[in-house]
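*Asks:* Please read through the structure below; I'll follow up with questions.
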Amino acid sequence: MNIAPRNSVDSHRKEDDHLARHLSNRHLQLIAIGGAIGTGLFMGSGKTISLAGPSILLVYAIIGFMLFFVMRALGEILLSNLEYRSFADFAGDYLGPWAQFFTGWTYWLSWIVTGVADVVAVSSYVSYWLPDIALWVPALGLIFTLLALNLPTVRNFGEIEFWFALIKIVTIVSLILAGVYMLSKGFTLPNGSTASVSHLWLHGGFFPNGFHGFVAGFQIAVFAFAGVELVGMTAAETKDSARNLPKAINSIPVRVALFYLGALFVILTVIPWNEVDPNSSPFVAMFSLAGLGIAAHVVNFVVLTSATSSANSGIYSTSRMVYGLATLRLAPSLFGKLNRRKVPVNALFFSCVFLLAGIGLLYSGDNVIEAFTIVTTVSAVLIIFIWSIILASYLQYRRKRPDLHEKSSFKLPGGRAAVAMVFGFFIFILWALAQKPDTAVALKVTPLWFVLLAIAYVVVKKARRSRLSVEGGNGLDRI
């Protein structure tokens with residue numbers, strides 16, 4: 001069965017009406033690293049350690065291992081056709097326009113939800129230094145900053161993300177080096193305990209809170225990996241993507257091992273897991289023990305830039321996703337316009353407007369933490385849907401285009417068996433999210449989004465069909 005290289009409905013577009021390939025290998029590699037390192041590592045690791053104990057190392061290792069296969073599936077399909085702008089494009093080709101519509105808008109919502117959380121987070125980080133400032137000021141400042149960062153060329157976005165990611169890398173590497181030094185010297189904590197690898201099995205064992213504690217670690221940790229698929233959104237704006245994309249994807253296991261496992265290993269071996277404060281960043285505790293008196297300020301700066309980086313990536317990816325949908329008449333045509341710098345400016349403004357919801361969340365009083373939990377869980381469920389669509393597209397790609405699979409020099413290791421394994425893992429994650437009342441609420445709420453999408457798709461499908469019939473039926477077979 002022949003699959004069109006791109007949906008034929010956009011074949012009328014002018015040749016110069018395309019995103020520009022201004023991202024270099026340097027940008028792509030650091031964007032991939034920034035996507036793999038979430039703010040949750042800096043701020044949420046204390047909570048995950050308190051839940052899972054030393055077994056949190058296994059939690060992050062398993063998630064990283066599974067997502068490597070998702071990324072390899074993503075890479076194989078993107079490289080089979082360099083005209084694909086994102087995973088939504090190939091979902092449309094292999095699963096049908098409904099998949100492109102659902103994937104595009106679900107990915108948009110997942111990043112908007114994350115962006116709203118980032119707006120709230122940035123306001124709290126700024127108030128650490130400026131306690132008297134009104135919370136809406138830094139929130140609004142962040143939204144205007146995101147516009148300023150994304151309105152220039154995509155190269156500007158790549159450059160900003162390069163430096164944001166570099167800040168994360170320097171912080172984590174510094175923590176690991178300090179931890180290794182303290183471990184090698186048998187550093188003694190103020191309470192008298194000594195840094196030792198034995199902390200991994202003492203104090204209740206490797207699974208101190210049993211199986212349920214281990215499962216609870218997945219509930220929080222999976223959200224930290226949201227954004228790892230961001231590499232797939234940069235394909236249309238990356239120079240020599242056939243060479244640079246495989247490099248970025250293949251380095252994911254190394255990043256997970258170094259940045260997640262390396263940082264958590266030194267934290268757990270220097271500070272016993274049962275002495276880690278779940279309500280504060282263990283990075284602050286580690287740097288303080290290492291003699292950095294301004295540790296809290298340093299980590300606050302890092303998480304501030306990390307949250308800004310996350311929101312920046314979200315605005316970039318959502319604007320490109322909405323732009324792609326608009327060019328295929330799966331979103332209002334207004335969002336399919338590029339300015340002279342090849343930036344989808346209307347789609348960019350559209351996404352930024354929705355971040356204003358974060359300002360309202362700032363004034364929700366005592367319910368902020370509860371709202372945060374629901375927001376992050378909703379985002380996690382949505383991103384699992386996106387990862388699942390990538391895998392489902394891969395299965396259809398193997399079935400419909402075996403010729404492309406045979407020619408591929410970047411095949412998914414394990415093929416269909418690997419896909420089945422990862423699907424099983426996703427079912428486990430959804431089950432884990434259902435075990436706690438606060439995360440279970442998000443599981444019940446999220447299906448409403450897909451009901452709304454289904455209704456919207458029926459409306460869009462009818463409008464799209466009538467337009468195409470007026471234009472001579474071009475692409476009607478693909479609706």
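Convention: chains lettered A, B, ... in structure tokens order; per-chain residue numbering from 1; ligands numbered from 1 as shown.
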When you look at Ala290 of chain A with a cut-off of 10 Å (counting only C-alpha atoms), what residues show up, excluding the ones that are within fewer than 3 positions of it in the same chain? I need them as a PyMOL selection string.

*Replies:* chain A and resi 175+178-179+181-182+187+284-287+293+295

*Asks:* Deliver the residues from the most recent selection as a file, using N, CA and C atoms, as a CSV table (one decimal), in the first residue's frame.

*Replies:*
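Output contents, as saved in result.csv:
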```csv
chain,number,residue,atom,x,y,z
A,175,LEU,N,27.4,18.6,40.9
A,175,LEU,CA,26.9,17.8,42.0
A,175,LEU,C,27.5,16.4,42.1
A,178,ALA,N,31.2,16.6,43.2
A,178,ALA,CA,31.2,16.9,44.7
A,178,ALA,C,30.8,15.6,45.4
A,179,GLY,N,29.8,14.9,45.0
A,179,GLY,CA,29.4,13.7,45.6
A,179,GLY,C,30.4,12.6,45.6
A,181,TYR,N,33.6,13.0,45.4
A,181,TYR,CA,34.7,13.4,46.3
A,181,TYR,C,34.3,13.1,47.7
A,182,MET,N,33.1,13.5,48.1
A,182,MET,CA,32.7,13.3,49.5
A,182,MET,C,32.6,11.8,49.8
A,187,PHE,N,33.0,11.3,53.8
A,187,PHE,CA,32.5,12.5,54.4
A,187,PHE,C,31.5,12.2,55.5
A,284,VAL,N,20.0,21.1,47.0
A,284,VAL,CA,20.4,22.2,48.0
A,284,VAL,C,21.2,21.6,49.1
A,285,ALA,N,20.7,20.4,49.7
A,285,ALA,CA,21.3,19.8,50.8
A,285,ALA,C,22.8,19.3,50.4
A,286,MET,N,22.9,18.8,49.2
A,286,MET,CA,24.2,18.3,48.8
A,286,MET,C,25.2,19.4,48.6
A,287,PHE,N,24.8,20.5,48.0
A,287,PHE,CA,25.7,21.6,47.8
A,287,PHE,C,26.0,22.3,49.1
A,293,GLY,N,27.9,27.9,50.6
A,293,GLY,CA,27.0,28.6,51.5
A,293,GLY,C,25.7,29.1,50.8
A,295,ALA,N,24.1,27.7,48.4
A,295,ALA,CA,23.5,26.6,47.7
A,295,ALA,C,22.1,26.8,47.3
```

*Asks:* What gap, in Å, lies between atom CA of Leu151 of chain A and atom CA of Leu330 of chain A?

*Replies:*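 Between atom CA of Leu151 of chain A and atom CA of Leu330 of chain A the gap works out to 23.4 Å.
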
*Asks:* Could you give me, as a count of residues only, the residues within 8 Å of segment 260-264 of chain A, counting only C-alpha atoms and dropping anything in the same chain fewer than 5 positions from it?

*Replies:* 10

*Asks:* Which residues of segment 341-456 of chain A come within 10 Å of segment 313-325 of chain A, and what is each one's closest atom pair and distance in Å (one decimal), counting only C-alpha atoms, sorted by chain and residue number, as JSON lines?

*Replies:*
```
{"residue": "A:Val343", "atom": "CA", "partner": "A:Arg320", "partner_atom": "CA", "distance": 8.6}
{"residue": "A:Pro344", "atom": "CA", "partner": "A:Tyr323", "partner_atom": "CA", "distance": 6.3}
{"residue": "A:Val345", "atom": "CA", "partner": "A:Ser319", "partner_atom": "CA", "distance": 7.9}
{"residue": "A:Asn346", "atom": "CA", "partner": "A:Ser319", "partner_atom": "CA", "distance": 8.2}
{"residue": "A:Ala347", "atom": "CA", "partner": "A:Ser319", "partner_atom": "CA", "distance": 4.8}
{"residue": "A:Leu348", "atom": "CA", "partner": "A:Ser319", "partner_atom": "CA", "distance": 4.8}
{"residue": "A:Phe349", "atom": "CA", "partner": "A:Ser319", "partner_atom": "CA", "distance": 8.2}
{"residue": "A:Phe350", "atom": "CA", "partner": "A:Ser319", "partner_atom": "CA", "distance": 7.8}
{"residue": "A:Ser351", "atom": "CA", "partner": "A:Ile315", "partner_atom": "CA", "distance": 6.4}
{"residue": "A:Cys352", "atom": "CA", "partner": "A:Ile315", "partner_atom": "CA", "distance": 6.9}
{"residue": "A:Leu355", "atom": "CA", "partner": "A:Ile315", "partner_atom": "CA", "distance": 9.3}
```

*Asks:* Kindly save the residues from that selection, with N, CA and C atoms included, as a PDB file, in the first residue's frame.

*Replies:*
```
ATOM      1  N   VAL A 343       8.805  32.112  11.139  1.00  0.00           N
ATOM      2  CA  VAL A 343       8.263  31.775  12.455  1.00  0.00           C
ATOM      3  C   VAL A 343       6.735  31.822  12.392  1.00  0.00           C
ATOM      4  N   PRO A 344       6.038  30.775  12.868  1.00  0.00           N
ATOM      5  CA  PRO A 344       4.564  30.775  12.874  1.00  0.00           C
ATOM      6  C   PRO A 344       4.029  31.678  13.981  1.00  0.00           C
ATOM      7  N   VAL A 345       4.058  32.966  13.738  1.00  0.00           N
ATOM      8  CA  VAL A 345       3.820  33.961  14.782  1.00  0.00           C
ATOM      9  C   VAL A 345       2.395  33.885  15.339  1.00  0.00           C
ATOM     10  N   ASN A 346       1.396  33.644  14.496  1.00  0.00           N
ATOM     11  CA  ASN A 346       0.014  33.569  14.990  1.00  0.00           C
ATOM     12  C   ASN A 346      -0.179  32.371  15.922  1.00  0.00           C
ATOM     13  N   ALA A 347       0.397  31.235  15.547  1.00  0.00           N
ATOM     14  CA  ALA A 347       0.325  30.036  16.395  1.00  0.00           C
ATOM     15  C   ALA A 347       1.061  30.277  17.706  1.00  0.00           C
ATOM     16  N   LEU A 348       2.128  31.076  17.638  1.00  0.00           N
ATOM     17  CA  LEU A 348       2.922  31.398  18.825  1.00  0.00           C
ATOM     18  C   LEU A 348       2.100  32.227  19.812  1.00  0.00           C
ATOM     19  N   PHE A 349       1.423  33.264  19.321  1.00  0.00           N
ATOM     20  CA  PHE A 349       0.579  34.093  20.175  1.00  0.00           C
ATOM     21  C   PHE A 349      -0.572  33.270  20.756  1.00  0.00           C
ATOM     22  N   PHE A 350      -1.132  32.383  19.954  1.00  0.00           N
ATOM     23  CA  PHE A 350      -2.247  31.539  20.389  1.00  0.00           C
ATOM     24  C   PHE A 350      -1.863  30.716  21.613  1.00  0.00           C
ATOM     25  N   SER A 351      -0.682  30.092  21.582  1.00  0.00           N
ATOM     26  CA  SER A 351      -0.244  29.270  22.716  1.00  0.00           C
ATOM     27  C   SER A 351       0.064  30.115  23.945  1.00  0.00           C
ATOM     28  N   CYS A 352       0.669  31.279  23.731  1.00  0.00           N
ATOM     29  CA  CYS A 352       1.027  32.141  24.865  1.00  0.00           C
ATOM     30  C   CYS A 352      -0.209  32.633  25.617  1.00  0.00           C
ATOM     31  N   LEU A 355      -1.276  30.417  28.424  1.00  0.00           N
ATOM     32  CA  LEU A 355      -0.439  30.385  29.625  1.00  0.00           C
ATOM     33  C   LEU A 355      -0.932  31.355  30.696  1.00  0.00           C
TER      34      LEU A 355
END
```

*Asks:* Would you work out the distance separating atom CA of Leu177 of chain A from atom CA of Met66 of chain A, expressed in Å to one decimal?

*Replies:*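 The value is 27.7 Å.
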
*Asks:* Nearest to Phe101 of chain A: which of A:Phe211, A:Phe283, A:Phe87, A:Trp431 is it, counting only C-alpha atoms?

*Replies:*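 The closest residue to Phe101 of chain A is A:Phe87.
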
*Asks:* For Pro282 of chain A, which residue among A:Phe42, A:Phe428, A:Tyr84, A:Trp449 is the nearest when counting only C-alpha atoms?

*Replies:*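 For Pro282 of chain A, the nearest of the given residues is A:Phe42.
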
*Asks:* Please measure the separation of atom CA of Thr439 of chain A and atom CA of Val256 of chain A, giving the value in Å to one decimal.

*Replies:*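 Answer for the atom CA of Thr439 of chain A to atom CA of Val256 of chain A separation: 25.0 Å.
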
*Asks:* Need the shell around Ala418 of chain A: protein/DNA/RNA residues with any atom at most 10 Å away, counting only C-alpha atoms. Skip same-chain ones fewer than 4 positions apart. Format as a PDB file with N, CA, C and O atoms, in the first residue's frame?

*Replies:*
```pdb
ATOM      1  N   MET A  66      12.828   2.237  28.613  1.00  0.00           N
ATOM      2  CA  MET A  66      11.618   2.103  27.800  1.00  0.00           C
ATOM      3  C   MET A  66      11.497   3.246  26.788  1.00  0.00           C
ATOM      4  O   MET A  66      11.151   3.023  25.625  1.00  0.00           O
ATOM      5  N   PHE A  69      13.339   3.099  23.371  1.00  0.00           N
ATOM      6  CA  PHE A  69      12.702   2.397  22.256  1.00  0.00           C
ATOM      7  C   PHE A  69      11.667   3.282  21.568  1.00  0.00           C
ATOM      8  O   PHE A  69      11.499   3.227  20.346  1.00  0.00           O
ATOM      9  N   VAL A  70      10.973   4.110  22.364  1.00  0.00           N
ATOM     10  CA  VAL A  70      10.026   5.055  21.767  1.00  0.00           C
ATOM     11  C   VAL A  70      10.774   6.011  20.844  1.00  0.00           C
ATOM     12  O   VAL A  70      10.337   6.287  19.713  1.00  0.00           O
ATOM     13  N   ALA A  73      11.929   4.323  17.629  1.00  0.00           N
ATOM     14  CA  ALA A  73      10.805   4.183  16.697  1.00  0.00           C
ATOM     15  C   ALA A  73      10.532   5.527  16.021  1.00  0.00           C
ATOM     16  O   ALA A  73      10.326   5.597  14.797  1.00  0.00           O
ATOM     17  N   LEU A 391       4.396   4.704  18.774  1.00  0.00           N
ATOM     18  CA  LEU A 391       4.596   3.256  18.657  1.00  0.00           C
ATOM     19  C   LEU A 391       3.568   2.620  17.721  1.00  0.00           C
ATOM     20  O   LEU A 391       3.902   1.730  16.927  1.00  0.00           O
ATOM     21  N   LEU A 412      14.642   0.277  14.671  1.00  0.00           N
ATOM     22  CA  LEU A 412      14.316   0.126  16.089  1.00  0.00           C
ATOM     23  C   LEU A 412      14.812  -1.232  16.578  1.00  0.00           C
ATOM     24  O   LEU A 412      14.382  -2.267  16.061  1.00  0.00           O
ATOM     25  N   PRO A 413      15.707  -1.280  17.573  1.00  0.00           N
ATOM     26  CA  PRO A 413      16.167  -2.571  18.108  1.00  0.00           C
ATOM     27  C   PRO A 413      14.997  -3.345  18.712  1.00  0.00           C
ATOM     28  O   PRO A 413      14.209  -2.797  19.467  1.00  0.00           O
ATOM     29  N   GLY A 414      14.872  -4.609  18.355  1.00  0.00           N
ATOM     30  CA  GLY A 414      13.794  -5.423  18.914  1.00  0.00           C
ATOM     31  C   GLY A 414      12.507  -5.384  18.135  1.00  0.00           C
ATOM     32  O   GLY A 414      11.633  -6.228  18.316  1.00  0.00           O
ATOM     33  N   VAL A 422       7.005  -2.087  25.539  1.00  0.00           N
ATOM     34  CA  VAL A 422       6.786  -0.704  25.986  1.00  0.00           C
ATOM     35  C   VAL A 422       5.298  -0.434  26.212  1.00  0.00           C
ATOM     36  O   VAL A 422       4.924   0.250  27.170  1.00  0.00           O
ATOM     37  N   PHE A 423       4.453  -0.993  25.359  1.00  0.00           N
ATOM     38  CA  PHE A 423       3.007  -0.850  25.582  1.00  0.00           C
ATOM     39  C   PHE A 423       2.605  -1.455  26.939  1.00  0.00           C
ATOM     40  O   PHE A 423       1.790  -0.892  27.668  1.00  0.00           O
ATOM     41  N   GLY A 424       3.175  -2.607  27.254  1.00  0.00           N
ATOM     42  CA  GLY A 424       2.911  -3.228  28.551  1.00  0.00           C
ATOM     43  C   GLY A 424       3.353  -2.333  29.699  1.00  0.00           C
ATOM     44  O   GLY A 424       2.668  -2.232  30.729  1.00  0.00           O
TER      45      GLY A 424
END
```

*Asks:* Show which residues sit within 9 Å of His203 of chain A, as a list in words. Count only C-alpha atoms, and ignore same-chain residues fewer than 3 positions away.

*Replies:*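 Surrounding residues, per the criterion: His199, Leu200, Phe206, Pro208, Pro272, Trp273 and Asn274 of chain A.
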